[in-house]
$ cat data_34.cif   # mmCIF, C-alpha atoms
data_data
#
loop_
_atom_site.group_PDB
_atom_site.id
_atom_site.type_symbol
_atom_site.label_atom_id
_atom_site.label_comp_id
_atom_site.auth_asym_id
_atom_site.auth_seq_id
_atom_site.Cartn_x
_atom_site.Cartn_y
_atom_site.Cartn_z
ATOM 1 C CA MET A 52 -20.070 -3.935 -21.661
ATOM 2 C CA SER A 53 -20.181 -4.020 -25.433
ATOM 3 C CA PRO A 54 -16.971 -4.492 -27.443
ATOM 4 C CA THR A 55 -17.064 -0.805 -28.385
ATOM 5 C CA GLN A 56 -17.091 0.447 -24.810
ATOM 6 C CA THR A 57 -13.967 1.376 -22.888
ATOM 7 C CA ALA A 58 -13.420 1.095 -19.151
ATOM 8 C CA GLN A 59 -13.078 4.205 -17.047
ATOM 9 C CA THR A 60 -9.568 4.553 -15.655
ATOM 10 C CA MET A 61 -9.270 5.126 -11.926
ATOM 11 C CA ASP A 62 -7.120 8.194 -11.407
ATOM 12 C CA GLY A 63 -4.914 7.452 -8.433
ATOM 13 C CA THR A 64 -2.678 10.449 -9.096
ATOM 14 C CA SER A 65 -5.419 13.051 -8.567
ATOM 15 C CA LEU A 66 -6.892 11.314 -5.525
ATOM 16 C CA ALA A 67 -3.436 10.891 -3.984
ATOM 17 C CA SER A 68 -2.737 14.576 -4.535
ATOM 18 C CA ARG A 69 -5.865 15.507 -2.586
ATOM 19 C CA MET A 70 -4.927 13.108 0.191
ATOM 20 C CA VAL A 71 -1.430 14.589 0.448
ATOM 21 C CA GLU A 72 -2.946 18.085 0.664
ATOM 22 C CA GLU A 73 -5.125 16.887 3.539
ATOM 23 C CA ALA A 74 -2.097 15.325 5.243
ATOM 24 C CA ALA A 75 -0.163 18.571 4.807
ATOM 25 C CA ALA A 76 -2.992 20.540 6.390
ATOM 26 C CA GLY A 77 -3.054 18.114 9.301
ATOM 27 C CA ALA A 78 0.720 18.306 9.740
ATOM 28 C CA ALA A 79 0.588 22.102 9.755
ATOM 29 C CA LYS A 80 -2.185 22.085 12.357
ATOM 30 C CA ILE A 81 -0.216 19.733 14.599
ATOM 31 C CA SER A 82 2.917 21.862 14.240
ATOM 32 C CA ARG A 83 1.065 25.080 15.089
ATOM 33 C CA ARG A 84 -0.697 23.672 18.126
ATOM 34 C CA THR A 85 2.086 21.519 19.599
ATOM 35 C CA GLY A 86 5.290 23.035 18.254
ATOM 36 C CA THR A 87 6.231 19.591 16.899
ATOM 37 C CA SER A 88 6.084 18.472 13.277
ATOM 38 C CA PRO A 89 5.230 14.868 12.386
ATOM 39 C CA CYS A 90 8.395 12.892 11.701
ATOM 40 C CA LEU A 91 8.842 9.774 9.559
ATOM 41 C CA ALA A 92 12.029 7.736 9.920
ATOM 42 C CA THR A 93 13.093 5.763 6.856
ATOM 43 C CA VAL A 94 15.521 2.875 7.199
ATOM 44 C CA LEU A 95 17.388 1.444 4.231
ATOM 45 C CA VAL A 96 19.770 -1.519 4.260
ATOM 46 C CA GLY A 97 22.286 -1.459 1.413
ATOM 47 C CA GLU A 98 22.187 0.564 -1.792
ATOM 48 C CA ASP A 99 19.752 -1.225 -4.073
ATOM 49 C CA PRO A 100 19.063 1.404 -6.793
ATOM 50 C CA ALA A 101 15.298 0.893 -6.823
ATOM 51 C CA SER A 102 15.082 1.067 -3.022
ATOM 52 C CA VAL A 103 17.256 4.189 -2.929
ATOM 53 C CA THR A 104 14.936 5.817 -5.474
ATOM 54 C CA TYR A 105 11.797 4.832 -3.553
ATOM 55 C CA VAL A 106 13.144 6.199 -0.274
ATOM 56 C CA ARG A 107 14.239 9.437 -1.915
ATOM 57 C CA MET A 108 10.790 9.855 -3.443
ATOM 58 C CA LYS A 109 9.075 9.235 -0.117
ATOM 59 C CA ARG A 110 11.299 11.751 1.652
ATOM 60 C CA THR A 111 10.608 14.336 -1.045
ATOM 61 C CA ARG A 112 6.867 13.833 -0.640
ATOM 62 C CA CYS A 113 7.270 14.174 3.131
ATOM 63 C CA ALA A 114 8.980 17.531 2.709
ATOM 64 C CA LYS A 115 6.192 18.781 0.437
ATOM 65 C CA ALA A 116 3.614 17.756 3.026
ATOM 66 C CA GLY A 117 5.400 19.448 5.926
ATOM 67 C CA ILE A 118 6.444 16.113 7.433
ATOM 68 C CA GLN A 119 9.971 15.856 8.739
ATOM 69 C CA SER A 120 11.992 12.838 7.678
ATOM 70 C CA ARG A 121 14.963 11.174 9.268
ATOM 71 C CA HIS A 122 16.885 8.781 7.062
ATOM 72 C CA ILE A 123 19.018 5.949 8.419
ATOM 73 C CA ALA A 124 21.203 4.332 5.762
ATOM 74 C CA LEU A 125 22.724 1.043 6.927
ATOM 75 C CA PRO A 126 25.448 -0.912 5.115
ATOM 76 C CA ALA A 127 24.488 -3.980 3.110
ATOM 77 C CA ALA A 128 26.340 -6.178 5.613
ATOM 78 C CA THR A 129 24.051 -5.111 8.470
ATOM 79 C CA THR A 130 22.851 -8.128 10.449
ATOM 80 C CA THR A 131 19.294 -8.820 11.517
ATOM 81 C CA ALA A 132 20.247 -8.107 15.128
ATOM 82 C CA GLU A 133 21.770 -4.745 14.188
ATOM 83 C CA LEU A 134 18.714 -3.814 12.153
ATOM 84 C CA ILE A 135 16.409 -4.772 15.021
ATOM 85 C CA ASP A 136 18.451 -2.593 17.390
ATOM 86 C CA THR A 137 18.087 0.358 15.013
ATOM 87 C CA LEU A 138 14.334 -0.098 14.690
ATOM 88 C CA ALA A 139 13.890 -0.559 18.430
ATOM 89 C CA GLY A 140 15.800 2.662 19.017
ATOM 90 C CA LEU A 141 13.521 4.547 16.649
ATOM 91 C CA SER A 142 10.478 2.967 18.296
ATOM 92 C CA ASN A 143 11.632 4.386 21.622
ATOM 93 C CA ASP A 144 12.494 7.831 20.240
ATOM 94 C CA PRO A 145 9.692 10.310 21.096
ATOM 95 C CA GLU A 146 10.762 12.601 18.246
ATOM 96 C CA VAL A 147 9.944 9.903 15.670
ATOM 97 C CA HIS A 148 6.260 9.279 14.995
ATOM 98 C CA GLY A 149 6.367 6.817 12.101
ATOM 99 C CA ILE A 150 8.862 4.214 10.882
ATOM 100 C CA LEU A 151 9.306 2.866 7.373
ATOM 101 C CA LEU A 152 11.667 -0.045 6.752
ATOM 102 C CA GLN A 153 12.317 -0.146 3.021
ATOM 103 C CA HIS A 154 12.172 -3.704 1.761
ATOM 104 C CA PRO A 155 13.484 -6.026 0.514
ATOM 105 C CA CYS A 156 16.390 -5.778 2.946
ATOM 106 C CA GLY A 157 18.519 -8.561 1.467
ATOM 107 C CA PRO A 158 18.393 -12.351 1.697
ATOM 108 C CA HIS A 159 20.483 -12.452 4.876
ATOM 109 C CA ILE A 160 17.949 -10.383 6.845
ATOM 110 C CA ASP A 161 15.013 -11.914 8.711
ATOM 111 C CA GLU A 162 12.513 -9.295 7.539
ATOM 112 C CA ARG A 163 9.670 -10.569 9.707
ATOM 113 C CA ALA A 164 11.815 -10.236 12.832
ATOM 114 C CA ALA A 165 12.821 -6.745 11.725
ATOM 115 C CA PHE A 166 9.246 -5.662 11.088
ATOM 116 C CA GLU A 167 8.203 -6.874 14.532
ATOM 117 C CA ALA A 168 10.771 -4.523 16.111
ATOM 118 C CA ILE A 169 8.638 -1.570 14.971
ATOM 119 C CA ALA A 170 6.292 -0.302 17.674
ATOM 120 C CA PRO A 171 2.664 -0.773 16.538
ATOM 121 C CA GLU A 172 1.843 2.883 17.172
ATOM 122 C CA LYS A 173 4.626 3.849 14.741
ATOM 123 C CA ASP A 174 3.935 1.171 12.135
ATOM 124 C CA VAL A 175 2.659 3.632 9.531
ATOM 125 C CA ASP A 176 3.535 1.191 6.733
ATOM 126 C CA GLY A 177 1.257 -1.482 8.247
ATOM 127 C CA VAL A 178 3.802 -4.315 8.192
ATOM 128 C CA THR A 179 3.642 -5.807 11.685
ATOM 129 C CA THR A 180 1.515 -8.744 12.752
ATOM 130 C CA HIS A 181 -0.232 -6.348 15.127
ATOM 131 C CA SER A 182 -1.317 -4.223 12.159
ATOM 132 C CA PHE A 183 -2.400 -7.294 10.199
ATOM 133 C CA ALA A 184 -4.542 -8.442 13.118
ATOM 134 C CA ALA A 185 -6.090 -4.981 13.358
ATOM 135 C CA MET A 186 -6.958 -5.114 9.650
ATOM 136 C CA THR A 187 -8.388 -8.604 10.000
ATOM 137 C CA PHE A 188 -10.614 -7.805 12.970
ATOM 138 C CA ALA A 189 -11.443 -4.195 11.963
ATOM 139 C CA LEU A 190 -9.705 -2.830 15.054
ATOM 140 C CA PRO A 191 -7.929 0.528 15.391
ATOM 141 C CA GLY A 192 -4.499 0.509 13.789
ATOM 142 C CA PHE A 193 -2.630 1.244 10.599
ATOM 143 C CA VAL A 194 -3.338 -0.531 7.334
ATOM 144 C CA SER A 195 -0.707 -1.730 4.890
ATOM 145 C CA CYS A 196 -0.263 1.250 2.609
ATOM 146 C CA THR A 197 -0.932 -0.289 -0.796
ATOM 147 C CA PRO A 198 -4.044 -2.194 0.347
ATOM 148 C CA GLY A 199 -5.209 0.948 2.119
ATOM 149 C CA GLY A 200 -4.743 2.908 -1.085
ATOM 150 C CA ILE A 201 -6.717 0.311 -3.039
ATOM 151 C CA MET A 202 -9.621 0.515 -0.610
ATOM 152 C CA ARG A 203 -9.597 4.305 -0.815
ATOM 153 C CA LEU A 204 -9.728 4.125 -4.614
ATOM 154 C CA LEU A 205 -12.681 1.736 -4.502
ATOM 155 C CA GLU A 206 -14.465 4.108 -2.147
ATOM 156 C CA GLU A 207 -13.721 7.108 -4.373
ATOM 157 C CA TYR A 208 -15.294 5.408 -7.367
ATOM 158 C CA ASP A 209 -18.322 4.188 -5.395
ATOM 159 C CA VAL A 210 -17.559 0.519 -5.906
ATOM 160 C CA GLY A 211 -20.004 -1.405 -3.766
ATOM 161 C CA LEU A 212 -18.278 -4.404 -2.217
ATOM 162 C CA ALA A 213 -21.024 -6.143 -0.254
ATOM 163 C CA GLY A 214 -21.851 -9.482 -1.848
ATOM 164 C CA LYS A 215 -19.324 -9.058 -4.649
ATOM 165 C CA HIS A 216 -16.804 -11.750 -5.556
ATOM 166 C CA ALA A 217 -13.302 -10.344 -5.212
ATOM 167 C CA VAL A 218 -10.390 -12.357 -6.557
ATOM 168 C CA VAL A 219 -6.968 -11.425 -5.160
ATOM 169 C CA VAL A 220 -4.072 -12.737 -7.224
ATOM 170 C CA GLY A 221 -1.117 -12.660 -4.844
ATOM 171 C CA ARG A 222 -0.568 -13.592 -1.196
ATOM 172 C CA SER A 223 2.258 -11.396 0.083
ATOM 173 C CA ALA A 224 2.138 -10.357 3.723
ATOM 174 C CA ILE A 225 1.938 -6.646 2.945
ATOM 175 C CA LEU A 226 -0.292 -6.641 -0.140
ATOM 176 C CA GLY A 227 -2.224 -9.752 -1.142
ATOM 177 C CA LYS A 228 -3.179 -11.060 2.289
ATOM 178 C CA PRO A 229 -4.136 -7.732 3.883
ATOM 179 C CA VAL A 230 -6.116 -6.444 0.900
ATOM 180 C CA GLY A 231 -8.174 -9.632 1.039
ATOM 181 C CA MET A 232 -8.897 -9.016 4.710
ATOM 182 C CA LEU A 233 -9.917 -5.423 4.033
ATOM 183 C CA LEU A 234 -12.233 -6.524 1.226
ATOM 184 C CA LEU A 235 -13.718 -9.195 3.485
ATOM 185 C CA SER A 236 -14.368 -6.576 6.164
ATOM 186 C CA GLN A 237 -16.543 -4.761 3.613
ATOM 187 C CA ASP A 238 -18.611 -7.910 3.029
ATOM 188 C CA ALA A 239 -17.006 -8.988 -0.229
ATOM 189 C CA THR A 240 -16.576 -12.705 -0.850
ATOM 190 C CA VAL A 241 -12.840 -13.164 -1.288
ATOM 191 C CA THR A 242 -10.892 -15.783 -3.206
ATOM 192 C CA TYR A 243 -7.107 -15.835 -2.919
ATOM 193 C CA CYS A 244 -5.077 -17.072 -5.879
ATOM 194 C CA HIS A 245 -1.328 -17.536 -6.224
ATOM 195 C CA SER A 246 1.429 -19.200 -8.234
ATOM 196 C CA ARG A 247 0.094 -22.695 -7.491
ATOM 197 C CA THR A 248 -3.555 -21.976 -8.210
ATOM 198 C CA ALA A 249 -4.966 -24.407 -10.757
ATOM 199 C CA ASP A 250 -6.819 -22.849 -13.706
ATOM 200 C CA LEU A 251 -6.349 -19.253 -12.634
ATOM 201 C CA SER A 252 -8.173 -17.979 -15.720
ATOM 202 C CA ALA A 253 -11.381 -19.768 -14.772
ATOM 203 C CA ILE A 254 -11.393 -18.174 -11.319
ATOM 204 C CA VAL A 255 -10.620 -14.696 -12.639
ATOM 205 C CA ARG A 256 -13.534 -14.996 -15.075
ATOM 206 C CA GLU A 257 -15.922 -15.241 -12.111
ATOM 207 C CA ALA A 258 -14.609 -12.118 -10.375
ATOM 208 C CA ASP A 259 -16.584 -8.916 -9.947
ATOM 209 C CA ILE A 260 -13.407 -7.331 -8.607
ATOM 210 C CA VAL A 261 -9.886 -8.405 -9.563
ATOM 211 C CA VAL A 262 -6.850 -7.321 -7.547
ATOM 212 C CA ALA A 263 -3.656 -8.273 -9.362
ATOM 213 C CA ALA A 264 -0.714 -8.213 -6.946
ATOM 214 C CA VAL A 265 1.647 -10.979 -7.994
ATOM 215 C CA GLY A 266 4.493 -9.166 -9.779
ATOM 216 C CA ARG A 267 4.275 -10.920 -13.149
ATOM 217 C CA PRO A 268 3.799 -8.733 -16.232
ATOM 218 C CA ARG A 269 0.421 -9.090 -17.969
ATOM 219 C CA LEU A 270 -0.386 -12.290 -16.090
ATOM 220 C CA ILE A 271 -4.089 -11.399 -16.072
ATOM 221 C CA ARG A 272 -5.378 -11.620 -19.631
ATOM 222 C CA GLY A 273 -7.979 -9.244 -20.963
ATOM 223 C CA GLU A 274 -10.206 -12.034 -22.216
ATOM 224 C CA ASP A 275 -10.426 -13.428 -18.692
ATOM 225 C CA ILE A 276 -11.953 -10.249 -17.270
ATOM 226 C CA LYS A 277 -15.665 -10.591 -16.576
ATOM 227 C CA PRO A 278 -17.595 -7.916 -18.505
ATOM 228 C CA GLY A 279 -18.237 -4.980 -16.184
ATOM 229 C CA ALA A 280 -15.669 -6.049 -13.581
ATOM 230 C CA VAL A 281 -13.491 -3.663 -11.579
ATOM 231 C CA VAL A 282 -9.782 -4.306 -12.141
ATOM 232 C CA ILE A 283 -7.146 -3.116 -9.678
ATOM 233 C CA ASP A 284 -3.614 -3.589 -10.982
ATOM 234 C CA ALA A 285 -1.193 -3.349 -8.066
ATOM 235 C CA GLY A 286 1.702 -4.788 -10.039
ATOM 236 C CA TYR A 287 4.660 -2.861 -11.370
ATOM 237 C CA ASN A 288 7.163 -4.435 -13.710
ATOM 238 C CA SER A 289 9.972 -3.103 -15.863
ATOM 239 C CA GLY A 290 8.799 -0.947 -18.722
ATOM 240 C CA ASN A 291 5.850 0.522 -16.774
ATOM 241 C CA VAL A 292 3.909 -2.709 -17.211
ATOM 242 C CA GLY A 293 1.411 -3.997 -14.673
ATOM 243 C CA ASP A 294 0.159 -7.476 -13.865
ATOM 244 C CA VAL A 295 -2.879 -6.990 -16.117
ATOM 245 C CA ASP A 296 -2.903 -6.808 -19.905
ATOM 246 C CA PHE A 297 -4.287 -3.277 -19.726
ATOM 247 C CA ASN A 298 -5.215 -2.667 -23.369
ATOM 248 C CA ALA A 299 -6.973 -6.007 -23.692
ATOM 249 C CA ALA A 300 -8.876 -5.464 -20.434
ATOM 250 C CA LEU A 301 -10.119 -1.997 -21.397
ATOM 251 C CA THR A 302 -13.004 -3.278 -23.503
ATOM 252 C CA ARG A 303 -14.279 -5.634 -20.805
ATOM 253 C CA ALA A 304 -13.764 -3.926 -17.438
ATOM 254 C CA ARG A 305 -15.980 -1.162 -16.092
ATOM 255 C CA LEU A 306 -13.226 0.426 -14.029
ATOM 256 C CA ILE A 307 -9.477 -0.198 -14.220
ATOM 257 C CA THR A 308 -6.337 1.293 -12.683
ATOM 258 C CA PRO A 309 -3.557 2.312 -15.056
ATOM 259 C CA VAL A 310 0.135 1.570 -14.520
ATOM 260 C CA PRO A 311 1.580 4.009 -13.664
ATOM 261 C CA GLY A 312 -0.842 6.490 -12.151
ATOM 262 C CA GLY A 313 -3.255 4.121 -10.442
ATOM 263 C CA VAL A 314 -2.332 2.287 -7.249
ATOM 264 C CA GLY A 315 1.257 3.549 -6.962
ATOM 265 C CA PRO A 316 0.572 7.171 -5.957
ATOM 266 C CA MET A 317 -2.004 5.988 -3.442
ATOM 267 C CA THR A 318 0.589 3.980 -1.522
ATOM 268 C CA ILE A 319 2.653 7.045 -0.642
ATOM 269 C CA ALA A 320 -0.456 9.129 0.072
ATOM 270 C CA VAL A 321 -1.632 6.581 2.653
ATOM 271 C CA LEU A 322 1.861 6.481 4.182
ATOM 272 C CA LEU A 323 1.862 10.253 4.692
ATOM 273 C CA ALA A 324 -1.702 10.315 5.999
ATOM 274 C CA GLN A 325 -0.916 7.580 8.527
ATOM 275 C CA THR A 326 2.265 9.355 9.632
ATOM 276 C CA VAL A 327 0.248 12.465 10.434
ATOM 277 C CA GLU A 328 -2.333 10.336 12.249
ATOM 278 C CA ALA A 329 0.410 8.598 14.242
ATOM 279 C CA ALA A 330 1.888 11.937 15.265
ATOM 280 C CA ALA A 331 -1.505 13.209 16.360
ATOM 281 C CA ASN A 332 -2.084 10.089 18.463
ATOM 282 C CA GLN A 333 1.320 10.237 20.116
ATOM 283 C CA LEU A 334 1.117 13.956 20.824
ATOM 284 C CA GLY A 335 -2.409 13.724 22.227
ATOM 285 C CA PHE A 336 -3.747 15.949 19.467
ATOM 286 C CA GLN A 337 -7.416 15.218 18.794
ATOM 287 C CA GLU A 338 -8.390 17.965 16.356
ATOM 288 C CA LEU A 339 -7.385 16.700 12.902
#
$ encode --input "data_34.cif" --output "structure tokens"
Amino acid sequence: MSPTQTAQTMDGTSLASRMVEEAAAGAAKISRRTGTSPCLATVLVGEDPASVTYVRMKRTRCAKAGIQSRHIALPAATTTAELIDTLAGLSNDPEVHGILLQHPCGPHIDERAAFEAIAPEKDVDGVTTHSFAAMTFALPGFVSCTPGGIMRLLEEYDVGLAGKHAVVVGRSAILGKPVGMLLLSQDATVTYCHSRTADLSAIVREADIVVAAVGRPRLIRGEDIKPGAVVIDAGYNSGNVGDVDFNAALTRARLITPVPGGVGPMTIAVLLAQTVEAAANQLGFQEL
């Protein structure tokens, strides 16, 4: 790209809206044919303001899509064992089709143990090791929602992945690691980077596709973006700032996600779509 060109922004808001409409249509079809509406259970430990807001937003979106929601608010002092019991109970409840454990749960909670208490068929947030294995080996299952949303965005904008060098900056269990596996499954060559990566800038400069998912504002500099690269900013920091220096990257990238309005809306859209899919699977409904 020349210095006078500007990258095209990838509109996650519009695509997510279409996906939610499709999920709503699927939920309505299931309800008409079976008499049962898809149901997502949300579990929140404590009263962290950001987590409370996220859960409220997800429940609101559920209602708009015709998906029932059941909210379980647990006190901050809840133990790992108590949380596991709650999740196991929801896993065994036939009226619940999907389970979302809002995280972080607090430093005293063993989150991995809690996640593993969610039945794989109800893991619509894609957080269990079963779901990670399914993503890794391209088996049936639910993807982690943010990585799933990223892949859907890349598909929407016809980004060919085969043979491309994708650099993932971040290695979290529900974002960095799974998105790398999903990219690899589409024949991209994947490099993982993280807080201990030496000379991060040099690696980013070689990337055809950059996925920034580390949670550090403007960590990825515009001058390090390879001309014509696709930039996916999955970070969100205070002040509506992503992990990429957006303005500086605009004149070098071909495609770029804004913050907000890029990856964020896609996360919830995938969650709703997977909840409807989970309900269809559990109710034996094959006509979505």
$ residues_near_point --input "data_34.cif" --point "(-17.8, -6.6, -6.5)" --cutoff "9 Å" --atoms "all atoms listed in the file" --output "VMD selection string"
chain A and resid 210 to 217 239 to 240 258 to 261 280 to 281
$ resolve_selection --input "data_34.cif" --expression "the PyMOL selection byres ((chain A and resi 135) around 9)" --output "list in words"
Thr130, Thr131, Ala132, Glu133, Leu134, Asp136, Thr137, Leu138, Ala139, Gly140, Ala164, Ala165, Phe166, Glu167, Ala168 and Ile169 of chain A
$ atom_distance --input "data_34.cif" --atom1 "CA of Val265 in chain A" --atom2 "CA of Thr129 in chain A"
28.4 Å
$ resolve_selection --input "data_34.cif" --expression "the PyMOL selection byres ((chain A and resi 155) around 10)" --output "PyMOL selection string"
chain A and resi 95-97+99+102+152-154+156-158+160+162
$ resolve_selection --input "data_34.cif" --expression "the PyMOL selection byres ((chain A and resi 315) around 10)" --output "PyMOL selection string"
chain A and resi 63-64+67+196-197+200-201+284-287+308-314+316-320
$ write_last_selection --input "data_34.cif" --atoms "C-alpha atoms" --output "mmCIF file, in the frame of the given file"
data_model
loop_
_atom_site.group_PDB
_atom_site.id
_atom_site.type_symbol
_atom_site.label_atom_id
_atom_site.label_comp_id
_atom_site.auth_asym_id
_atom_site.auth_seq_id
_atom_site.Cartn_x
_atom_site.Cartn_y
_atom_site.Cartn_z
ATOM 1 C CA GLY A 63 -4.914 7.452 -8.433
ATOM 2 C CA THR A 64 -2.678 10.449 -9.096
ATOM 3 C CA ALA A 67 -3.436 10.891 -3.984
ATOM 4 C CA CYS A 196 -0.263 1.250 2.609
ATOM 5 C CA THR A 197 -0.932 -0.289 -0.796
ATOM 6 C CA GLY A 200 -4.743 2.908 -1.085
ATOM 7 C CA ILE A 201 -6.717 0.311 -3.039
ATOM 8 C CA ASP A 284 -3.614 -3.589 -10.982
ATOM 9 C CA ALA A 285 -1.193 -3.349 -8.066
ATOM 10 C CA GLY A 286 1.702 -4.788 -10.039
ATOM 11 C CA TYR A 287 4.660 -2.861 -11.370
ATOM 12 C CA THR A 308 -6.337 1.293 -12.683
ATOM 13 C CA PRO A 309 -3.557 2.312 -15.056
ATOM 14 C CA VAL A 310 0.135 1.570 -14.520
ATOM 15 C CA PRO A 311 1.580 4.009 -13.664
ATOM 16 C CA GLY A 312 -0.842 6.490 -12.151
ATOM 17 C CA GLY A 313 -3.255 4.121 -10.442
ATOM 18 C CA VAL A 314 -2.332 2.287 -7.249
ATOM 19 C CA PRO A 316 0.572 7.171 -5.957
ATOM 20 C CA MET A 317 -2.004 5.988 -3.442
ATOM 21 C CA THR A 318 0.589 3.980 -1.522
ATOM 22 C CA ILE A 319 2.653 7.045 -0.642
ATOM 23 C CA ALA A 320 -0.456 9.129 0.072
#
$ atom_distance --input "data_34.cif" --atom1 "CA of Arg107 in chain A" --atom2 "CA of Thr93 in chain A"
9.6 Å
$ atom_distance --input "data_34.cif" --atom1 "CA of Ala253 in chain A" --atom2 "CA of Leu234 in chain A"
20.8 Å
$ closest_residue --input "data_34.cif" --among "A:Ile271, A:Val194, A:Met186, A:Val262" --to "Leu235 in chain A" --atoms "only C-alpha atoms"
A:Met186
$ residues_around --input "data_34.cif" --residues "Ser246 in chain A" --least-positions-apart "4" --cutoff "10 Å" --atoms "all atoms listed in the file" --output "PyMOL selection string"
chain A and resi 220-222+251+265
$ build_atoms --input "data_34.cif" --residues "range 270-286 of chain A" --atoms "N, CA, C and O atoms" --output "mmCIF file, keeping the file's coordinate frame"
data_model
loop_
_atom_site.group_PDB
_atom_site.id
_atom_site.type_symbol
_atom_site.label_atom_id
_atom_site.label_comp_id
_atom_site.auth_asym_id
_atom_site.auth_seq_id
_atom_site.Cartn_x
_atom_site.Cartn_y
_atom_site.Cartn_z
ATOM 1 N N LEU A 270 0.072 -10.946 -16.444
ATOM 2 C CA LEU A 270 -0.386 -12.290 -16.090
ATOM 3 C C LEU A 270 -1.897 -12.420 -16.293
ATOM 4 O O LEU A 270 -2.385 -13.462 -16.739
ATOM 5 N N ILE A 271 -2.635 -11.372 -15.952
ATOM 6 C CA ILE A 271 -4.089 -11.399 -16.072
ATOM 7 C C ILE A 271 -4.463 -10.974 -17.493
ATOM 8 O O ILE A 271 -4.246 -9.829 -17.893
ATOM 9 N N ARG A 272 -5.045 -11.879 -18.233
ATOM 10 C CA ARG A 272 -5.378 -11.620 -19.631
ATOM 11 C C ARG A 272 -6.694 -10.858 -19.742
ATOM 12 O O ARG A 272 -7.608 -11.039 -18.938
ATOM 13 N N GLY A 273 -6.771 -10.028 -20.761
ATOM 14 C CA GLY A 273 -7.979 -9.244 -20.963
ATOM 15 C C GLY A 273 -9.207 -10.093 -21.186
ATOM 16 O O GLY A 273 -10.299 -9.791 -20.668
ATOM 17 N N GLU A 274 -9.050 -11.185 -21.914
ATOM 18 C CA GLU A 274 -10.206 -12.034 -22.216
ATOM 19 C C GLU A 274 -10.742 -12.768 -20.996
ATOM 20 O O GLU A 274 -11.845 -13.318 -21.027
ATOM 21 N N ASP A 275 -9.961 -12.769 -19.911
ATOM 22 C CA ASP A 275 -10.426 -13.428 -18.692
ATOM 23 C C ASP A 275 -11.171 -12.482 -17.758
ATOM 24 O O ASP A 275 -11.664 -12.907 -16.699
ATOM 25 N N ILE A 276 -11.232 -11.206 -18.106
ATOM 26 C CA ILE A 276 -11.953 -10.249 -17.270
ATOM 27 C C ILE A 276 -13.448 -10.357 -17.534
ATOM 28 O O ILE A 276 -13.902 -10.290 -18.678
ATOM 29 N N LYS A 277 -14.209 -10.532 -16.473
ATOM 30 C CA LYS A 277 -15.665 -10.591 -16.576
ATOM 31 C C LYS A 277 -16.190 -9.237 -17.057
ATOM 32 O O LYS A 277 -15.773 -8.185 -16.538
ATOM 33 N N PRO A 278 -17.058 -9.197 -18.037
ATOM 34 C CA PRO A 278 -17.595 -7.916 -18.505
ATOM 35 C C PRO A 278 -18.194 -7.104 -17.362
ATOM 36 O O PRO A 278 -19.002 -7.601 -16.577
ATOM 37 N N GLY A 279 -17.740 -5.851 -17.238
ATOM 38 C CA GLY A 279 -18.237 -4.980 -16.184
ATOM 39 C C GLY A 279 -17.488 -5.085 -14.877
ATOM 40 O O GLY A 279 -17.852 -4.418 -13.898
ATOM 41 N N ALA A 280 -16.431 -5.883 -14.819
ATOM 42 C CA ALA A 280 -15.669 -6.049 -13.581
ATOM 43 C C ALA A 280 -14.821 -4.810 -13.277
ATOM 44 O O ALA A 280 -14.543 -3.983 -14.145
ATOM 45 N N VAL A 281 -14.413 -4.707 -12.026
ATOM 46 C CA VAL A 281 -13.491 -3.663 -11.579
ATOM 47 C C VAL A 281 -12.113 -4.304 -11.448
ATOM 48 O O VAL A 281 -11.965 -5.328 -10.766
ATOM 49 N N VAL A 282 -11.122 -3.709 -12.098
ATOM 50 C CA VAL A 282 -9.782 -4.306 -12.141
ATOM 51 C C VAL A 282 -8.788 -3.368 -11.460
ATOM 52 O O VAL A 282 -8.600 -2.225 -11.888
ATOM 53 N N ILE A 283 -8.165 -3.862 -10.408
ATOM 54 C CA ILE A 283 -7.146 -3.116 -9.678
ATOM 55 C C ILE A 283 -5.792 -3.772 -9.942
ATOM 56 O O ILE A 283 -5.554 -4.908 -9.531
ATOM 57 N N ASP A 284 -4.936 -3.063 -10.640
ATOM 58 C CA ASP A 284 -3.614 -3.589 -10.982
ATOM 59 C C ASP A 284 -2.587 -2.999 -10.035
ATOM 60 O O ASP A 284 -2.182 -1.847 -10.163
ATOM 61 N N ALA A 285 -2.171 -3.794 -9.052
ATOM 62 C CA ALA A 285 -1.193 -3.349 -8.066
ATOM 63 C C ALA A 285 0.216 -3.809 -8.414
ATOM 64 O O ALA A 285 1.129 -3.692 -7.606
ATOM 65 N N GLY A 286 0.386 -4.340 -9.617
ATOM 66 C CA GLY A 286 1.702 -4.788 -10.039
ATOM 67 C C GLY A 286 2.487 -3.686 -10.715
ATOM 68 O O GLY A 286 1.911 -2.761 -11.288
#
